[in-house]
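upload34.cif follows (mmCIF, C-alpha atoms):
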```
data_entry
loop_
_atom_site.label_atom_id
_atom_site.label_comp_id
_atom_site.auth_asym_id
_atom_site.auth_seq_id
_atom_site.Cartn_x
_atom_site.Cartn_y
_atom_site.Cartn_z
CA GLY Q 1 0.00 0.00 0.00
CA GLN Q 2 0.95 3.62 -0.39
CA GLN Q 3 2.62 5.39 2.50
CA LEU Q 4 4.41 8.65 3.02
CA ASN Q 5 7.95 8.74 4.40
CA GLN Q 6 8.00 10.06 7.92
CA SER Q 7 11.06 10.71 10.04
CA PRO Q 8 12.36 10.07 12.52
CA GLN Q 9 10.88 6.65 13.14
CA SER Q 10 11.28 6.98 16.93
CA MET Q 11 12.26 9.69 19.34
CA PHE Q 12 13.22 9.48 22.99
CA ILE Q 13 13.33 12.89 24.62
CA GLN Q 14 13.41 14.55 28.02
CA GLU Q 15 10.35 16.40 29.29
CA GLY Q 16 10.58 20.06 28.35
CA GLU Q 17 12.48 19.50 25.11
CA ASP Q 18 11.18 20.57 21.73
CA VAL Q 19 10.39 17.93 19.09
CA SER Q 20 10.42 18.12 15.32
CA MET Q 21 9.27 15.50 12.83
CA ASN Q 22 8.63 15.63 9.12
CA CYS Q 23 6.86 13.88 6.32
CA THR Q 24 7.82 13.71 2.65
CA SER Q 25 6.16 12.46 -0.49
CA SER Q 26 7.15 12.00 -4.10
CA SER Q 27 3.72 13.34 -5.09
CA ILE Q 28 1.92 16.56 -4.26
CA PHE Q 29 -1.04 16.77 -1.93
CA ASN Q 30 -3.74 19.41 -1.54
CA THR Q 31 -4.11 18.90 2.20
CA TRP Q 32 -1.73 17.75 4.93
CA LEU Q 33 -3.01 16.46 8.24
CA TRP Q 34 -1.27 15.47 11.45
CA TYR Q 35 -2.72 12.87 13.83
CA LYS Q 36 -1.72 11.47 17.21
CA GLN Q 37 -2.55 7.93 18.17
CA ASP Q 38 -2.50 6.63 21.74
CA PRO Q 39 -2.13 2.88 22.35
CA GLY Q 40 -5.35 1.02 21.57
CA GLU Q 41 -7.07 4.15 20.30
CA GLY Q 42 -7.85 5.62 16.92
CA PRO Q 43 -5.87 8.52 15.46
CA VAL Q 44 -6.97 11.94 16.67
CA LEU Q 45 -6.63 14.93 14.39
CA LEU Q 46 -4.16 17.54 15.67
CA ILE Q 47 -3.73 20.00 12.82
CA ALA Q 48 -5.01 20.36 9.25
CA LEU Q 49 -3.17 22.37 6.59
CA TYR Q 50 -4.86 23.47 3.37
CA LYS Q 51 -2.46 25.80 1.58
CA ALA Q 52 1.14 25.51 0.47
CA GLY Q 53 3.33 27.50 2.84
CA GLU Q 54 0.65 27.61 5.53
CA LEU Q 55 1.90 27.61 9.13
CA THR Q 56 -0.68 26.63 11.74
CA SER Q 57 -0.47 26.29 15.52
CA ASN Q 58 -2.56 24.38 18.01
CA GLY Q 59 -1.30 25.09 21.51
CA ARG Q 60 2.24 23.77 21.75
CA LEU Q 61 1.97 22.21 18.29
CA THR Q 62 3.00 23.96 15.08
CA ALA Q 63 2.79 22.46 11.62
CA GLN Q 64 3.71 23.73 8.18
CA PHE Q 65 2.57 22.77 4.69
CA GLY Q 66 5.68 22.72 2.48
CA ILE Q 67 5.83 25.11 -0.45
CA THR Q 68 6.41 22.26 -2.89
CA ARG Q 69 3.26 20.55 -1.51
CA LYS Q 70 5.34 17.41 -1.11
CA ASP Q 71 6.25 17.77 2.55
CA SER Q 72 5.11 18.91 5.94
CA PHE Q 73 6.61 19.17 9.40
CA LEU Q 74 5.25 19.11 12.93
CA ASN Q 75 6.91 20.76 15.94
CA ILE Q 76 5.99 20.17 19.55
CA SER Q 77 7.40 22.67 22.01
CA ALA Q 78 8.13 22.08 25.69
CA SER Q 79 7.12 18.41 25.59
CA ILE Q 80 5.21 16.85 28.48
CA PRO Q 81 4.66 13.18 29.39
CA SER Q 82 1.20 13.07 27.84
CA ASP Q 83 2.75 13.85 24.43
CA VAL Q 84 3.77 10.18 24.33
CA GLY Q 85 2.24 8.34 21.40
CA ILE Q 86 2.58 7.76 17.69
CA TYR Q 87 2.30 10.75 15.38
CA PHE Q 88 1.11 10.23 11.82
CA CYS Q 89 1.10 12.63 8.93
CA ALA Q 90 -1.47 12.15 6.18
CA GLY Q 91 -1.90 13.64 2.74
CA GLN Q 92 -5.19 14.10 0.96
CA GLY Q 93 -6.14 15.10 -2.59
CA GLY Q 94 -3.50 15.86 -5.23
CA GLU Q 95 -1.79 13.41 -7.53
CA ILE Q 96 -2.30 10.16 -5.63
CA SER Q 97 -5.85 10.53 -4.36
CA TYR Q 98 -7.20 12.89 -6.98
CA ASN Q 99 -10.99 13.19 -6.93
CA THR Q 100 -11.27 11.15 -3.74
CA ASP Q 101 -11.01 12.02 -0.10
CA LYS Q 102 -8.90 9.12 1.04
CA LEU Q 103 -5.96 9.79 3.26
CA ILE Q 104 -2.49 8.47 2.55
CA PHE Q 105 -0.72 7.99 5.85
CA GLY Q 106 2.88 8.36 6.86
CA THR Q 107 4.82 5.57 8.49
CA GLY Q 108 4.51 7.19 11.93
CA THR Q 109 6.89 8.67 14.48
CA ARG Q 110 6.86 7.04 17.91
CA LEU Q 111 7.51 9.60 20.63
CA GLN Q 112 8.64 8.70 24.13
CA VAL Q 113 8.98 11.45 26.75
CA PHE Q 114 10.94 10.85 29.92
CA PRO Q 115 10.27 12.93 33.04
CA ASP I 1 -14.43 11.18 22.09
CA SER I 2 -14.65 11.78 18.34
CA GLY I 3 -18.35 10.92 18.10
CA VAL I 4 -17.63 7.94 15.85
CA THR I 5 -18.57 4.62 17.43
CA GLN I 6 -17.38 1.17 16.47
CA THR I 7 -18.47 -2.25 17.65
CA PRO I 8 -17.23 -4.64 18.76
CA LYS I 9 -14.08 -3.36 20.44
CA HIS I 10 -12.39 -6.75 20.27
CA LEU I 11 -13.08 -9.78 18.10
CA ILE I 12 -11.33 -13.13 18.24
CA THR I 13 -12.15 -15.69 15.61
CA ALA I 14 -10.68 -18.57 13.63
CA THR I 15 -9.30 -18.82 10.13
CA GLY I 16 -11.94 -19.33 7.46
CA GLN I 17 -14.62 -17.52 9.44
CA ARG I 18 -16.58 -14.41 8.55
CA VAL I 19 -17.07 -11.35 10.74
CA THR I 20 -18.91 -8.04 10.52
CA LEU I 21 -17.59 -4.82 11.97
CA ARG I 22 -19.96 -1.96 12.57
CA CYS I 23 -19.46 1.79 12.52
CA SER I 24 -21.75 4.70 13.36
CA PRO I 25 -20.48 8.03 12.04
CA ARG I 26 -20.66 11.36 13.82
CA SER I 27 -24.07 12.96 13.71
CA GLY I 28 -24.40 14.82 10.42
CA ASP I 29 -21.44 13.15 8.71
CA LEU I 30 -22.33 11.62 5.37
CA SER I 31 -19.05 9.96 4.53
CA VAL I 32 -17.55 6.88 6.14
CA TYR I 33 -14.07 5.49 5.62
CA TRP I 34 -12.59 2.15 6.64
CA TYR I 35 -8.92 1.67 7.43
CA GLN I 36 -6.82 -1.32 8.39
CA GLN I 37 -3.85 -0.90 10.69
CA SER I 38 -1.44 -3.76 10.98
CA LEU I 39 2.06 -3.82 12.44
CA ASP I 40 3.84 -4.33 9.13
CA GLN I 41 1.63 -2.25 6.84
CA GLY I 42 0.81 0.78 8.95
CA LEU I 43 -2.52 2.49 8.41
CA GLN I 44 -4.07 1.60 5.06
CA PHE I 45 -7.18 3.02 3.46
CA LEU I 46 -9.69 0.34 2.49
CA ILE I 47 -12.87 1.94 1.20
CA GLN I 48 -15.03 5.07 1.39
CA TYR I 49 -18.79 5.55 1.25
CA TYR I 50 -20.64 8.79 0.80
CA ASN I 51 -24.35 8.99 1.48
CA GLY I 52 -24.84 5.28 0.91
CA GLU I 53 -22.73 4.92 -2.20
CA GLU I 54 -19.21 3.66 -2.67
CA ARG I 55 -16.98 6.60 -3.52
CA ALA I 56 -13.41 5.36 -3.42
CA LYS I 57 -11.61 2.07 -3.05
CA GLY I 58 -8.18 1.55 -1.65
CA ASN I 59 -6.29 -1.60 -0.76
CA ILE I 60 -9.34 -3.68 0.00
CA LEU I 61 -9.19 -7.42 -0.61
CA GLU I 62 -11.91 -9.16 -2.59
CA ARG I 63 -12.74 -11.19 0.53
CA PHE I 64 -13.74 -7.93 2.20
CA SER I 65 -16.83 -5.91 1.45
CA ALA I 66 -18.59 -2.95 2.98
CA GLN I 67 -21.80 -1.06 2.75
CA GLN I 68 -23.37 2.09 4.12
CA PHE I 69 -27.02 1.91 5.12
CA PRO I 70 -29.77 4.56 4.80
CA ASP I 71 -29.22 5.62 8.42
CA LEU I 72 -25.55 6.19 7.41
CA HIS I 73 -24.05 3.52 9.62
CA SER I 74 -21.62 1.25 7.86
CA GLU I 75 -20.54 -2.36 8.10
CA LEU I 76 -17.31 -3.96 6.99
CA ASN I 77 -17.60 -7.66 6.22
CA LEU I 78 -14.49 -9.80 6.31
CA SER I 79 -14.78 -13.37 5.03
CA SER I 80 -12.56 -16.43 4.63
CA LEU I 81 -10.39 -14.91 7.32
CA GLU I 82 -6.65 -15.53 7.30
CA LEU I 83 -4.06 -15.05 10.02
CA GLY I 84 -2.76 -11.98 8.21
CA ASP I 85 -6.13 -10.26 8.57
CA SER I 86 -5.43 -9.75 12.26
CA ALA I 87 -5.27 -5.99 12.69
CA LEU I 88 -6.97 -2.91 14.05
CA TYR I 89 -9.83 -1.80 11.83
CA PHE I 90 -10.75 1.85 12.07
CA CYS I 91 -13.77 3.68 10.82
CA ALA I 92 -13.65 7.42 10.23
CA SER I 93 -16.31 9.89 9.20
CA SER I 94 -16.52 13.37 7.81
CA VAL I 95 -18.91 15.80 6.20
CA VAL I 96 -17.68 15.68 2.64
CA PRO I 97 -19.12 17.85 -0.10
CA THR I 98 -18.33 16.50 -3.53
CA LEU I 99 -14.68 17.03 -4.52
CA LEU I 100 -13.87 18.98 -1.38
CA VAL I 101 -11.79 17.62 1.44
CA ASP I 102 -12.33 17.73 5.16
CA GLU I 103 -10.93 16.27 8.28
CA GLN I 104 -11.81 12.70 9.02
CA PHE I 105 -12.69 11.80 12.60
CA PHE I 106 -11.66 8.35 13.71
CA GLY I 107 -13.49 5.84 15.85
CA PRO I 108 -11.74 3.83 18.58
CA GLY I 109 -11.22 0.83 16.31
CA THR I 110 -12.04 -2.88 16.38
CA ARG I 111 -9.16 -5.19 17.17
CA LEU I 112 -9.53 -8.38 15.16
CA THR I 113 -7.49 -11.42 16.09
CA VAL I 114 -7.61 -14.42 13.79
CA LEU I 115 -6.33 -17.63 15.36
#
```
Just give me the structure of the file as structure tokens.
Amino acid sequence: GQQLNQSPQSMFIQEGEDVSMNCTSSSIFNTWLWYKQDPGEGPVLLIALYKAGELTSNGRLTAQFGITRKDSFLNISASIPSDVGIYFCAGQGGEISYNTDKLIFGTGTRLQVFP
Amino acid sequence: DSGVTQTPKHLITATGQRVTLRCSPRSGDLSVYWYQQSLDQGLQFLIQYYNGEERAKGNILERFSAQQFPDLHSELNLSSLELGDSALYFCASSVVPTLLVDEQFFGPGTRLTVL
């Protein structure tokens, strides 16, 4: 199946540190989304980006839609223990899912925060 | 709580069997999506319905089928189950006008174990 490349695969950080992860694709997307998934739960939408170059914040989270429309990054500032989980990027629309609404997901970044 | 409900939460069955997973979308959402999440494949889009009609198909096996009913709930039928079908199955919903994109809200998932 199709997946986006997400890096890093895993991160182990100290509470209070900032975190950065990114997602790249060989194809363009019209929308980039970032989700967080806790163990045994479904993904929860964190941020949605609709325009190339757009920078959007949600509390301590900031995400940007790359100008080429082929990448996006997510930053988490001043991490706390409840930030632990798996973060997925997803692309929608564009070359791969043209005329449909299906999401193409990234491979995920597993975040571990130590107190 | 995303407002999307899925039943059952857990399902354990044997190879060769058939199961039905059920999803109720958020109130007002017309579109339902099914995803499969396995350890080696990540999150994969299976199929989308919009207002009762199939709208997009992803990596869905021929042994799997889905439908969306007039009350907008959806069922995913998995037949001739194999060990490799063991996974988390997520349903998501969104309000999706034709050709426009929107965030998808995920249910808690059904964990299927095939023994």
Self-check item: Within 7 Å of chain Q: residues of chain I, using only C-alpha atoms, as a PyMOL selection string
Solution: chain I and resi 42-45+56+59+90+99+101+106-109
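Taking all atoms listed in the file into account, Ser2 in chain I lies nearest to I:Cys91 out of the set I:Leu112, I:Leu72, I:Cys91, I:Leu39.
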note - CA of Ala63 in chain Q and CA of Trp34 in chain Q are separated by 8.1 Å
Point to revise | Output of the PyMOL selection byres ((chain I and resi 71) around 10), listed as a PyMOL selection string | key: chain I and resi 24-25+30+51-52+68-70+72-74
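Atom pair CA of Glu82 in chain I / CA of Arg18 in chain I: separated by 10.1 Å.
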Can you give me, as a compact mmCIF listing (two decimals) with C-alpha atoms, in the frame of the given file, the residues this file yields under the PyMOL selection byres ((chain I and resi 33) around 8)?
```txt
# COMPACT_ATOMS: atom_id res chain seq x y z
CA LYS Q 102 -8.90 9.12 1.04
CA SER I 31 -19.05 9.96 4.53
CA VAL I 32 -17.55 6.88 6.14
CA TRP I 34 -12.59 2.15 6.64
CA TYR I 35 -8.92 1.67 7.43
CA PHE I 45 -7.18 3.02 3.46
CA LEU I 46 -9.69 0.34 2.49
CA ILE I 47 -12.87 1.94 1.20
CA GLN I 48 -15.03 5.07 1.39
CA TYR I 49 -18.79 5.55 1.25
CA CYS I 91 -13.77 3.68 10.82
CA ALA I 92 -13.65 7.42 10.23
CA SER I 93 -16.31 9.89 9.20
```
As a check of understanding: the span from CA of Ser79 in chain I to CA of Gln37 in chain Q is 27.9 Å
Skip range 18-29 of chain Q itself and residues of its chain fewer than 5 positions away, then list as a compact mmCIF listing (two decimals) with C-alpha atoms, in the coordinates of the input all residues within 7 Å of it, counting all atoms listed in the file.
```txt
# COMPACT_ATOMS: atom_id res chain seq x y z
CA LEU Q 4 4.41 8.65 3.02
CA ASN Q 5 7.95 8.74 4.40
CA GLN Q 6 8.00 10.06 7.92
CA SER Q 7 11.06 10.71 10.04
CA PRO Q 8 12.36 10.07 12.52
CA ARG Q 69 3.26 20.55 -1.51
CA LYS Q 70 5.34 17.41 -1.11
CA ASP Q 71 6.25 17.77 2.55
CA SER Q 72 5.11 18.91 5.94
CA PHE Q 73 6.61 19.17 9.40
CA LEU Q 74 5.25 19.11 12.93
CA ASN Q 75 6.91 20.76 15.94
CA ILE Q 76 5.99 20.17 19.55
CA SER Q 77 7.40 22.67 22.01
CA ALA Q 78 8.13 22.08 25.69
CA SER Q 79 7.12 18.41 25.59
CA CYS Q 89 1.10 12.63 8.93
CA GLY Q 91 -1.90 13.64 2.74
CA GLN Q 92 -5.19 14.10 0.96
CA GLY Q 93 -6.14 15.10 -2.59
CA GLY Q 94 -3.50 15.86 -5.23
CA GLU Q 95 -1.79 13.41 -7.53
CA ILE Q 96 -2.30 10.16 -5.63
CA GLY Q 106 2.88 8.36 6.86
```
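Using the PyMOL selection byres ((chain I and resi 84) around 10) on this structure selects Thr15, Ser38, Leu81, Glu82, Leu83, Asp85, Ser86, Ala87, Thr113, Val114 and Leu115 of chain I.
With all atoms listed in the file as the atoms that count, the residue of Q:Tyr87, Q:Tyr35, Q:Phe114, Q:Phe65 with the shortest distance to Ile13 in chain Q is Q:Phe114.
With only C-alpha atoms as the atoms that count, the residue of I:Arg63, I:Ser94, I:Ser80, I:Arg26 with the shortest distance to Asp1 in chain I is I:Arg26.
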